[in-house]
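The file start_10.cif contains mmCIF, C-alpha atoms:
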data_query
loop_
_atom_site.label_atom_id
_atom_site.label_comp_id
_atom_site.auth_asym_id
_atom_site.auth_seq_id
_atom_site.Cartn_x
_atom_site.Cartn_y
_atom_site.Cartn_z
CA MET M 1 71.26 92.04 83.02
CA LYS M 2 68.13 91.21 84.97
CA ARG M 3 66.70 93.65 87.44
CA LEU M 4 67.33 92.51 90.98
CA PHE M 5 64.51 92.25 93.50
CA PHE M 6 64.97 92.01 97.25
CA VAL M 7 62.48 91.45 100.00
CA ILE M 8 63.63 93.23 103.15
CA PHE M 9 62.30 92.35 106.59
CA CYS M 10 62.96 94.05 109.89
CA PHE M 11 63.33 91.79 112.91
CA PHE M 12 60.52 92.44 115.38
CA LEU M 13 58.99 94.70 112.69
CA LEU M 14 61.27 97.66 113.45
CA ILE M 15 64.81 98.93 113.48
CA ARG M 16 65.56 99.60 117.09
CA PRO M 17 66.26 103.30 117.65
CA THR M 18 68.79 102.83 120.46
CA VAL M 19 71.39 105.55 120.79
CA ALA M 20 74.83 103.99 120.54
CA LEU M 21 77.84 105.01 122.56
CA ILE M 22 80.12 104.38 119.59
CA GLU M 23 80.39 106.59 116.54
CA VAL M 24 82.71 107.13 113.60
CA ASP M 25 84.17 110.59 113.04
CA ILE M 26 83.96 111.27 109.30
CA THR M 27 84.85 114.95 109.49
CA ARG M 28 88.61 114.43 109.63
CA GLY M 29 91.30 111.92 108.75
CA ASN M 30 90.20 108.99 110.87
CA LEU M 31 93.60 108.02 112.27
CA GLU M 32 92.04 105.39 114.56
CA PRO M 33 89.50 103.40 112.54
CA LEU M 34 86.70 101.84 114.57
CA PRO M 35 87.52 98.24 115.62
CA ILE M 36 84.68 96.08 114.35
CA ALA M 37 84.21 92.31 114.47
CA VAL M 38 82.45 90.75 111.47
CA SER M 39 81.41 87.25 112.47
CA SER M 40 80.88 84.68 109.73
CA LEU M 41 77.24 84.23 108.80
CA TYR M 42 76.38 80.72 109.91
CA HIS M 43 73.95 78.18 108.45
CA GLU M 44 71.70 76.26 110.82
CA GLN M 45 71.58 73.04 108.83
CA GLY M 46 72.42 71.58 105.44
CA SER M 47 74.80 73.01 102.88
CA GLN M 48 75.76 76.65 102.28
CA GLU M 49 76.92 75.77 98.77
CA ILE M 50 75.49 77.65 95.81
CA ILE M 51 76.30 77.43 92.10
CA GLN M 52 76.84 80.71 90.26
CA GLY M 53 77.48 80.12 86.58
CA GLU M 54 80.46 77.78 86.41
CA LYS M 55 81.64 78.73 89.89
CA ILE M 56 80.75 76.91 93.09
CA ILE M 57 80.50 78.99 96.26
CA LYS M 58 80.99 76.44 99.03
CA ASN M 59 80.28 78.63 102.04
CA VAL M 60 78.17 81.63 101.07
CA GLY M 61 77.88 82.90 104.64
CA GLU M 62 81.65 83.04 104.98
CA GLU M 63 82.00 84.79 101.61
CA ILE M 64 79.37 87.40 102.49
CA SER M 65 81.21 88.23 105.72
CA LYS M 66 84.52 88.59 103.80
CA ILE M 67 82.98 91.11 101.42
CA ILE M 68 81.51 93.10 104.32
CA GLU M 69 84.94 93.17 105.97
CA ALA M 70 86.65 94.28 102.76
CA ASN M 71 84.12 97.04 102.10
CA LEU M 72 84.40 98.47 105.61
CA LYS M 73 88.20 98.28 105.57
CA ARG M 74 88.47 100.07 102.19
CA SER M 75 86.43 102.96 103.55
CA GLY M 76 89.30 103.74 105.92
CA LEU M 77 86.84 104.27 108.77
CA PHE M 78 86.78 100.73 110.15
CA ASN M 79 89.31 98.17 111.31
CA PRO M 80 87.83 94.66 110.93
CA LEU M 81 89.40 92.37 113.54
CA LYS M 82 90.90 89.00 112.63
CA LYS M 83 88.48 86.11 113.01
CA ASP M 84 91.05 83.90 114.74
CA SER M 85 90.87 86.28 117.71
CA PHE M 86 87.13 85.73 118.20
CA LEU M 87 86.19 84.00 121.46
CA GLN M 88 82.54 83.27 120.67
CA SER M 89 81.20 81.12 117.85
CA SER M 90 79.13 82.77 115.12
CA ASP M 91 75.90 80.84 115.83
CA ILE M 92 75.81 81.84 119.50
CA ALA M 93 76.97 85.43 118.82
CA HIS M 94 74.06 85.98 116.47
CA ILE M 95 71.48 85.06 119.10
CA LYS M 96 73.06 86.67 122.17
CA PRO M 97 76.63 87.97 122.17
CA ARG M 98 78.77 87.69 125.28
CA PHE M 99 79.80 91.32 125.12
CA GLU M 100 82.63 90.86 127.63
CA ASP M 101 84.30 88.42 125.16
CA TRP M 102 84.11 90.99 122.34
CA ARG M 103 85.35 93.80 124.59
CA LEU M 104 88.31 91.61 125.51
CA ILE M 105 89.52 91.67 121.87
CA LYS M 106 88.91 95.45 121.69
CA ALA M 107 85.87 95.26 119.41
CA GLN M 108 83.53 98.24 119.67
CA ALA M 109 80.96 96.95 117.19
CA LEU M 110 79.92 93.44 116.18
CA VAL M 111 78.23 92.14 113.04
CA SER M 112 76.55 88.73 113.30
CA GLY M 113 74.15 86.83 111.07
CA LYS M 114 72.99 83.67 109.41
CA VAL M 115 71.94 82.46 105.96
CA THR M 116 69.25 80.03 104.88
CA ILE M 117 69.02 78.49 101.40
CA SER M 118 65.67 76.97 100.53
CA GLU M 119 63.69 76.52 97.29
CA ASN M 120 66.14 78.65 95.33
CA ARG M 121 65.89 81.53 97.79
CA LEU M 122 68.69 82.96 99.87
CA ARG M 123 67.58 84.50 103.15
CA THR M 124 70.24 86.50 104.94
CA GLU M 125 69.83 87.87 108.45
CA PHE M 126 72.25 90.22 110.14
CA ARG M 127 72.51 92.19 113.35
CA LEU M 128 74.76 95.09 114.27
CA TRP M 129 75.64 95.31 117.97
CA ASP M 130 77.11 98.11 120.04
CA VAL M 131 79.62 96.17 122.14
CA ILE M 132 80.32 99.05 124.54
CA ALA M 133 76.65 99.71 125.31
CA ALA M 134 75.77 95.98 125.02
CA LYS M 135 72.81 96.79 122.77
CA GLU M 136 71.50 95.84 119.36
CA MET M 137 71.69 98.75 116.89
CA ILE M 138 70.02 97.30 113.79
CA ALA M 139 68.52 93.99 112.67
CA LEU M 140 67.47 93.21 109.11
CA ALA M 141 66.80 90.26 106.82
CA PHE M 142 67.02 90.05 103.03
CA SER M 143 65.47 87.49 100.72
CA THR M 144 66.60 87.09 97.12
CA THR M 145 67.87 84.54 94.62
CA PRO M 146 71.20 82.88 95.53
CA ASP M 147 73.12 84.46 92.63
CA ASN M 148 72.60 87.89 94.24
CA TRP M 149 74.67 87.01 97.31
CA ARG M 150 77.36 89.62 96.54
CA ARG M 151 74.76 92.38 96.39
CA VAL M 152 73.41 91.23 99.74
CA ALA M 153 76.91 91.72 101.18
CA HIS M 154 77.15 95.22 99.70
CA ILE M 155 73.70 96.24 100.96
CA ILE M 156 74.53 95.00 104.46
CA SER M 157 77.78 96.98 104.29
CA ASP M 158 75.79 100.10 103.41
CA LYS M 159 73.42 99.59 106.33
CA ILE M 160 76.34 99.21 108.75
CA TYR M 161 78.11 102.25 107.31
CA GLN M 162 74.98 104.40 107.55
CA ARG M 163 74.16 103.33 111.11
CA LEU M 164 77.67 104.05 112.39
CA THR M 165 78.48 107.22 110.42
CA GLY M 166 75.09 108.84 109.91
CA GLU M 167 75.65 109.00 106.13
CA GLU M 168 74.51 106.73 103.33
CA GLY M 169 76.99 104.13 102.16
CA TYR M 170 78.34 103.63 98.66
CA PHE M 171 79.05 99.89 98.43
CA ASP M 172 76.02 98.72 96.44
CA THR M 173 77.16 100.65 93.38
CA ARG M 174 78.84 100.17 90.02
CA ILE M 175 81.66 101.93 88.23
CA VAL M 176 81.74 102.37 84.47
CA TYR M 177 85.14 103.05 82.94
CA VAL M 178 87.29 102.70 79.83
CA SER M 179 89.19 99.40 79.80
CA GLU M 180 92.58 99.80 78.10
CA THR M 181 94.99 97.21 76.70
CA GLY M 182 98.03 97.31 74.40
CA LYS M 183 100.94 99.69 73.91
CA LYS M 184 100.46 103.36 74.62
CA THR M 185 100.69 104.23 70.93
CA ARG M 186 98.07 101.57 69.98
CA ARG M 187 95.63 101.29 72.86
CA ILE M 188 92.47 99.23 72.51
CA LYS M 189 89.72 100.88 74.53
CA LYS M 190 86.49 99.18 75.56
CA LEU M 191 83.62 100.35 77.69
CA ALA M 192 83.45 98.27 80.88
CA VAL M 193 81.37 98.18 84.05
CA MET M 194 82.06 96.51 87.40
CA ASP M 195 80.94 96.51 91.00
CA GLN M 196 82.65 99.17 93.12
CA ASP M 197 85.00 96.52 94.54
CA GLY M 198 86.16 95.39 91.08
CA ALA M 199 84.01 92.24 90.85
CA ASN M 200 81.53 91.26 88.11
CA VAL M 201 83.37 92.97 85.26
CA LYS M 202 81.37 93.19 82.05
CA TYR M 203 82.65 94.59 78.75
CA LEU M 204 80.04 96.66 76.95
CA THR M 205 81.80 97.39 73.65
CA LEU M 206 84.10 95.34 71.42
CA GLY M 207 87.06 97.72 71.20
CA ASN M 208 86.86 98.32 67.46
CA GLU M 209 85.89 101.96 68.04
CA LEU M 210 87.46 104.51 70.35
CA VAL M 211 85.32 105.19 73.44
CA LEU M 212 85.74 108.10 75.85
CA THR M 213 84.23 109.70 78.98
CA PRO M 214 81.44 107.32 80.03
CA ARG M 215 79.10 108.85 82.62
CA PHE M 216 76.33 107.27 84.69
CA SER M 217 72.89 108.78 84.93
CA PRO M 218 72.12 109.81 88.53
CA THR M 219 68.63 108.32 88.29
CA ASN M 220 69.07 104.88 86.66
CA GLN M 221 71.51 102.46 85.05
CA LEU M 222 71.83 104.50 81.87
CA VAL M 223 75.28 105.52 80.61
CA THR M 224 76.21 108.21 78.13
CA TYR M 225 79.57 108.14 76.39
CA LEU M 226 81.46 109.40 73.38
CA SER M 227 82.57 107.09 70.58
CA TYR M 228 84.20 107.63 67.23
CA PHE M 229 82.45 105.94 64.32
CA ARG M 230 84.55 106.17 61.14
CA ASN M 231 86.43 109.03 62.80
CA PHE M 232 83.25 110.99 63.50
CA PRO M 233 82.25 111.64 67.12
CA ARG M 234 78.94 110.25 68.30
CA VAL M 235 77.23 110.51 71.65
CA TYR M 236 75.59 107.26 72.76
CA LEU M 237 73.15 106.18 75.43
CA LEU M 238 73.46 102.65 76.79
CA ASP M 239 71.07 100.92 79.18
CA ILE M 240 73.26 98.57 81.23
CA GLU M 241 70.27 96.56 82.47
CA THR M 242 68.86 95.77 79.02
CA GLY M 243 71.89 96.26 76.76
CA VAL M 244 69.89 98.59 74.51
CA GLN M 245 72.07 101.26 72.89
CA GLU M 246 71.12 104.29 70.85
CA VAL M 247 72.86 107.20 69.18
CA VAL M 248 71.90 110.54 70.69
CA GLY M 249 73.21 112.37 67.66
CA ASP M 250 76.00 113.04 65.21
CA PHE M 251 77.46 116.44 65.92
CA PRO M 252 79.63 118.70 63.79
CA GLY M 253 83.26 119.14 64.82
CA MET M 254 84.55 117.61 68.05
CA THR M 255 82.31 116.67 70.96
CA PHE M 256 83.54 116.42 74.53
CA ALA M 257 82.51 114.83 77.84
CA PRO M 258 78.71 114.33 77.73
CA ARG M 259 77.17 114.27 81.21
CA PHE M 260 73.62 113.91 82.56
CA SER M 261 71.53 116.54 84.31
CA PRO M 262 70.52 115.64 87.90
CA ASP M 263 67.06 114.49 86.81
CA GLY M 264 68.50 112.39 83.97
CA LYS M 265 66.36 114.18 81.37
CA LYS M 266 69.15 116.10 79.64
CA ILE M 267 72.77 115.68 78.72
CA ILE M 268 75.23 118.54 78.73
CA MET M 269 78.43 118.62 76.64
CA SER M 270 80.71 120.86 74.64
CA PHE M 271 81.09 121.09 70.86
CA ALA M 272 84.30 122.35 69.24
CA LYS M 273 84.29 124.02 65.86
CA ASP M 274 86.80 126.30 64.13
CA GLY M 275 89.12 126.27 67.13
CA ASN M 276 86.43 127.24 69.61
CA SER M 277 84.11 125.23 71.85
CA ASP M 278 80.89 126.11 73.64
CA ILE M 279 78.54 124.28 75.98
CA PHE M 280 75.24 122.80 74.80
CA THR M 281 72.42 120.79 76.33
CA MET M 282 70.13 118.25 74.70
CA ASP M 283 66.70 117.27 75.93
CA LEU M 284 66.65 113.46 75.66
CA ALA M 285 62.89 113.31 75.08
CA THR M 286 62.65 115.93 72.33
CA ARG M 287 66.31 115.92 71.15
CA VAL M 288 66.20 119.71 71.16
CA VAL M 289 69.71 121.18 71.44
CA GLU M 290 70.25 124.45 73.29
CA LYS M 291 73.44 126.52 73.28
CA ILE M 292 74.37 127.62 76.82
CA THR M 293 77.62 129.57 76.30
CA ASP M 294 78.66 131.75 73.39
CA HIS M 295 82.21 132.95 73.87
CA SER M 296 85.29 133.26 71.71
CA SER M 297 87.30 131.21 74.21
CA ILE M 298 87.16 127.46 74.91
CA ASP M 299 84.37 126.40 77.29
CA THR M 300 84.26 122.69 78.16
CA SER M 301 83.81 119.99 80.86
CA PRO M 302 80.40 121.14 82.18
CA SER M 303 78.85 119.60 85.30
CA TYR M 304 75.49 120.38 86.93
CA SER M 305 75.00 121.14 90.60
CA PRO M 306 72.78 118.46 92.23
CA ASN M 307 69.78 120.81 92.31
CA GLY M 308 70.20 121.56 88.59
CA LYS M 309 70.31 125.31 89.07
CA TYR M 310 74.01 125.84 88.33
CA ILE M 311 76.74 124.53 86.05
CA CYS M 312 80.49 124.50 86.65
CA PHE M 313 82.87 124.30 83.69
CA ASN M 314 86.40 125.18 82.70
CA SER M 315 87.37 127.91 80.27
CA ASP M 316 90.44 129.82 79.11
CA ARG M 317 88.52 133.08 78.73
CA SER M 318 90.82 134.64 81.39
CA GLY M 319 93.92 133.62 79.41
CA LEU M 320 94.55 130.44 81.40
CA GLN M 321 92.32 127.43 81.96
CA GLN M 322 90.24 128.10 85.07
CA ILE M 323 86.93 126.96 86.58
CA TYR M 324 83.75 129.01 86.28
CA VAL M 325 80.21 128.70 87.63
CA MET M 326 77.05 129.95 85.91
CA ARG M 327 73.31 129.52 86.15
CA SER M 328 71.88 126.61 84.18
CA ASP M 329 70.63 128.98 81.48
CA GLY M 330 74.18 130.33 80.92
CA SER M 331 73.72 133.61 82.77
CA ASN M 332 75.71 135.12 85.64
CA VAL M 333 79.08 133.55 84.74
CA LYS M 334 81.64 133.81 87.58
CA ARG M 335 85.24 132.69 87.76
CA ILE M 336 85.91 130.78 91.02
CA THR M 337 89.58 129.68 90.76
CA PHE M 338 92.46 132.12 91.09
CA GLY M 339 95.30 129.90 92.33
CA LYS M 340 98.54 129.10 90.53
CA GLY M 341 98.29 126.51 87.77
CA LEU M 342 95.63 125.26 85.37
CA TYR M 343 92.27 123.91 86.53
CA GLY M 344 90.05 121.42 84.70
CA THR M 345 87.54 118.53 84.80
CA PRO M 346 85.31 120.11 87.50
CA VAL M 347 82.53 117.91 88.84
CA TRP M 348 79.96 118.89 91.44
CA SER M 349 79.56 116.75 94.55
CA PRO M 350 76.17 114.99 94.89
CA ARG M 351 75.96 116.69 98.30
CA GLY M 352 76.23 120.09 96.62
CA ASP M 353 78.89 121.43 98.97
CA LEU M 354 82.07 120.82 96.98
CA ILE M 355 83.48 120.77 93.45
CA ALA M 356 86.25 118.28 92.63
CA PHE M 357 88.82 119.19 90.00
CA THR M 358 92.14 118.41 88.35
CA LYS M 359 94.94 120.94 88.75
CA VAL M 360 98.22 121.15 86.85
CA HIS M 361 101.08 123.10 88.43
CA ASN M 362 104.84 122.80 87.89
CA ASN M 363 104.31 119.75 85.66
CA ARG M 364 102.49 117.86 88.43
CA PHE M 365 98.85 116.79 88.41
CA TYR M 366 96.65 117.17 91.49
CA ILE M 367 93.15 115.99 92.41
CA GLY M 368 91.50 118.47 94.74
CA VAL M 369 88.23 119.84 96.07
CA MET M 370 86.91 123.31 96.80
CA ARG M 371 83.67 124.91 97.91
CA ALA M 372 81.21 125.93 95.23
CA ASP M 373 82.41 129.55 95.43
CA GLY M 374 86.06 128.51 94.95
CA SER M 375 87.11 128.97 98.57
CA GLY M 376 88.68 126.31 100.77
CA GLU M 377 90.78 124.65 98.07
CA ARG M 378 92.36 121.38 99.27
CA LEU M 379 94.68 119.24 97.16
CA LEU M 380 94.18 115.58 98.08
CA THR M 381 96.77 113.81 95.94
CA GLU M 382 99.50 114.55 93.40
CA ASN M 383 101.29 112.49 90.76
CA PHE M 384 102.95 112.49 87.36
CA TYR M 385 99.59 112.38 85.56
CA GLN M 386 96.08 111.92 86.97
CA GLU M 387 92.65 113.36 86.21
CA ALA M 388 88.89 112.81 85.78
CA PRO M 389 87.60 112.63 89.37
CA SER M 390 84.12 111.17 89.92
CA TRP M 391 82.16 111.21 93.18
CA SER M 392 80.75 108.30 95.14
CA PRO M 393 76.97 108.78 95.56
CA ASN M 394 77.37 109.89 99.19
CA GLY M 395 79.95 112.56 98.26
CA ARG M 396 82.59 111.05 100.58
CA VAL M 397 85.01 109.37 98.12
CA LEU M 398 86.50 110.26 94.74
CA ILE M 399 87.57 107.85 92.03
CA PHE M 400 90.03 108.97 89.32
CA TYR M 401 92.66 107.51 87.03
CA ARG M 402 96.43 107.79 87.10
CA GLU M 403 98.99 107.16 84.37
CA THR M 404 102.65 106.19 84.64
CA ARG M 405 105.50 107.28 82.41
CA SER M 406 106.53 105.27 79.37
CA ASP M 407 109.81 105.07 77.48
CA GLU M 408 110.38 106.16 73.89
CA GLU M 409 108.87 102.90 72.62
CA GLY M 410 105.76 103.31 74.73
CA LYS M 411 106.74 100.56 77.17
CA GLY M 412 106.22 100.79 80.90
CA PHE M 413 103.00 102.76 80.48
CA SER M 414 99.92 102.00 82.57
CA ALA M 415 96.63 103.62 83.46
CA LYS M 416 95.00 102.58 86.73
CA LEU M 417 91.92 103.52 88.74
CA TRP M 418 92.44 104.96 92.21
CA SER M 419 90.18 106.24 94.97
CA ILE M 420 90.71 108.72 97.78
CA ASP M 421 88.40 110.08 100.46
CA LEU M 422 87.88 113.72 101.39
CA THR M 423 90.46 113.54 104.17
CA GLY M 424 93.22 112.68 101.69
CA TYR M 425 94.43 109.90 104.03
CA ASN M 426 92.82 106.89 102.37
CA GLU M 427 94.26 106.54 98.86
CA ARG M 428 93.77 103.11 97.30
CA LEU M 429 94.39 101.33 94.01
CA ILE M 430 91.22 99.76 92.60
CA GLU M 431 92.06 96.37 91.14
CA THR M 432 90.87 95.86 87.55
CA GLU M 433 91.46 93.09 85.00
CA THR M 434 93.03 95.57 82.57
CA ASP M 435 94.26 99.14 82.68
CA GLY M 436 91.46 101.64 83.18
CA SER M 437 90.63 105.31 82.72
CA ASP M 438 87.71 107.77 82.76
CA PRO M 439 85.76 106.23 85.68
CA SER M 440 82.23 107.22 86.67
CA TRP M 441 80.40 106.12 89.82
CA SER M 442 76.74 105.05 89.72
CA SER M 443 74.08 105.99 92.25
CA LEU M 444 73.06 103.41 94.87
CA LEU M 445 71.46 100.40 93.18
CA SER M 446 69.31 99.56 96.19
CA LYS M 447 67.59 102.94 96.43
#
Would you mind writing the file's structure down as structure tokens?
Amino acid sequence: MKRLFFVIFCFFLLIRPTVALIEVDITRGNLEPLPIAVSSLYHEQGSQEIIQGEKIIKNVGEEISKIIEANLKRSGLFNPLKKDSFLQSSDIAHIKPRFEDWRLIKAQALVSGKVTISENRLRTEFRLWDVIAAKEMIALAFSTTPDNWRRVAHIISDKIYQRLTGEEGYFDTRIVYVSETGKKTRRIKKLAVMDQDGANVKYLTLGNELVLTPRFSPTNQLVTYLSYFRNFPRVYLLDIETGVQEVVGDFPGMTFAPRFSPDGKKIIMSFAKDGNSDIFTMDLATRVVEKITDHSSIDTSPSYSPNGKYICFNSDRSGLQQIYVMRSDGSNVKRITFGKGLYGTPVWSPRGDLIAFTKVHNNRFYIGVMRADGSGERLLTENFYQEAPSWSPNGRVLIFYRETRSDEEGKGFSAKLWSIDLTGYNERLIETETDGSDPSWSSLLSK
């Protein structure tokens, strides 16, 4: 895949620092999402039609506005109003909104814009308006090739989200996962990647080898994953931009859940041998392997803190599977979970404040979060079987996968990707072409 380049312009050479009267409360379950009007992006003259592969996009401005609406709605923080309620046309609203018309339909914020297609360039302008204060909040323009129109929509969504919440967005991102097809007893598993909204699916492996636990690098579009070649586990690195793949190494025994360090220079994983597993790191430049834990119990599922100074992992060294935290050199190991049930798959938030986990109690599976010292445990969702949470890059949303029961013949089984935010109120199914498991969220592409 080609690298994408954008030219970004600010109207009047600046983003206006006006203080808005509206704001979105992201500290609790937002029971009253902010009413926002997303006007269609109009075209001053000529056609808005673009050709993308074998598909014809007849009105790119309209499609961009639909994606912005969908992104904001999925966040659970915004309530995009229906376009048939709008009283002002999109071309006039972009130049000078009649704020009384937008207040009449209860809009508190307004998004307007226009697109221009010329000489194989797509220029997209947008403005975000505070309807209550009758002021412009942000104005930007983007110039790119027409086939990047979806990314333009995601980047605009991120700018709106950040301006209204005070936090970075997460819409211009990808999700890598394991695509699954076939009966439960004979699943074909492929590595797949898609945009965070389920579009632009690309299959990265053929399905002739078992693939597990893909994880994005926090610094680039590099993925590490586990695959079985002739029944031997191998850890791979795959550059999604170039398609270049390499074997990190063949390891003795079983290998589990490779994951990158925050700077992307190491991977951390666990090796199992003779009924025991310990945690190891590998320097990707030198391929030097270092053993971090050395215990007679099972240590697995390691995850770095965002500053790289600590590692959380799960272990049964207390007799039951619990979550522990240690320094990155393996010293100062502390148990942080003491609740009822079994704890696993810990993963540190990119904000550094929370650790997400899977919990099993009374034959039910929970996805939850806790502070880094184990306090403040909150269970966000429960089901028959669900695990493997992964954080959005802003630390606000978790993606995980959930399985359904099957009968004795393996029928009725499914594995689907779901997301939920930190409030626990916004749980959503993520549409995929096939079943899916083991998701991992990328960092922002536009950073």
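Take atom CA of M:Asn426 and atom CA of M:Ile36: the distance between them is 18.1 Å.
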Who sits within 8 Å of stretch 386-401 of chain M, all atoms listed in the file, same chain under 6 positions skipped, as a VMD selection string:
chain M and resid 167 to 170 345 347 349 to 351 356 to 358 365 to 367 415 to 422 436 to 444
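Once the PyMOL selection byres ((chain M and resi 200-208) around 7) is applied to the depicted file, the selected set reads Ile188, Lys189, Lys190, Leu191, Ala192, Val193, Met194, Asp195, Gly198, Ala199, Glu209 and Leu210 of chain M.
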Next, dump the selected residues to file, keeping only C-alpha atoms, as a short mmCIF file (atom, residue, chain, number, x, y, z; two decimals), in the coordinates of the input.
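Output file part-v8.cif follows:
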data_model
loop_
_atom_site.label_atom_id
_atom_site.label_comp_id
_atom_site.auth_asym_id
_atom_site.auth_seq_id
_atom_site.Cartn_x
_atom_site.Cartn_y
_atom_site.Cartn_z
CA ILE M 188 92.47 99.23 72.51
CA LYS M 189 89.72 100.88 74.53
CA LYS M 190 86.49 99.18 75.56
CA LEU M 191 83.62 100.35 77.69
CA ALA M 192 83.45 98.27 80.88
CA VAL M 193 81.37 98.18 84.05
CA MET M 194 82.06 96.51 87.40
CA ASP M 195 80.94 96.51 91.00
CA GLY M 198 86.16 95.39 91.08
CA ALA M 199 84.01 92.24 90.85
CA GLU M 209 85.89 101.96 68.04
CA LEU M 210 87.46 104.51 70.35
#
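The spacing separating atom CA of M:Asp91 from atom CA of M:Glu32 amounts to 29.4 Å.
One distance worth recording is that between atom CA of M:Arg364 and atom CA of M:Thr181, which is 24.9 Å.
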Please determine, counting only C-alpha atoms, which residue among M:Ser40, M:Ser227, M:Ser261, M:Ser296 has the shortest atom-to-atom distance to M:Ile64.
M:Ser40
Please determine, counting all atoms listed in the file, which residue among M:Lys66, M:Arg103, M:Lys183, M:Lys340 has the shortest atom-to-atom distance to M:Trp149.
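Closest residue, counting all atoms listed in the file: M:Lys66.
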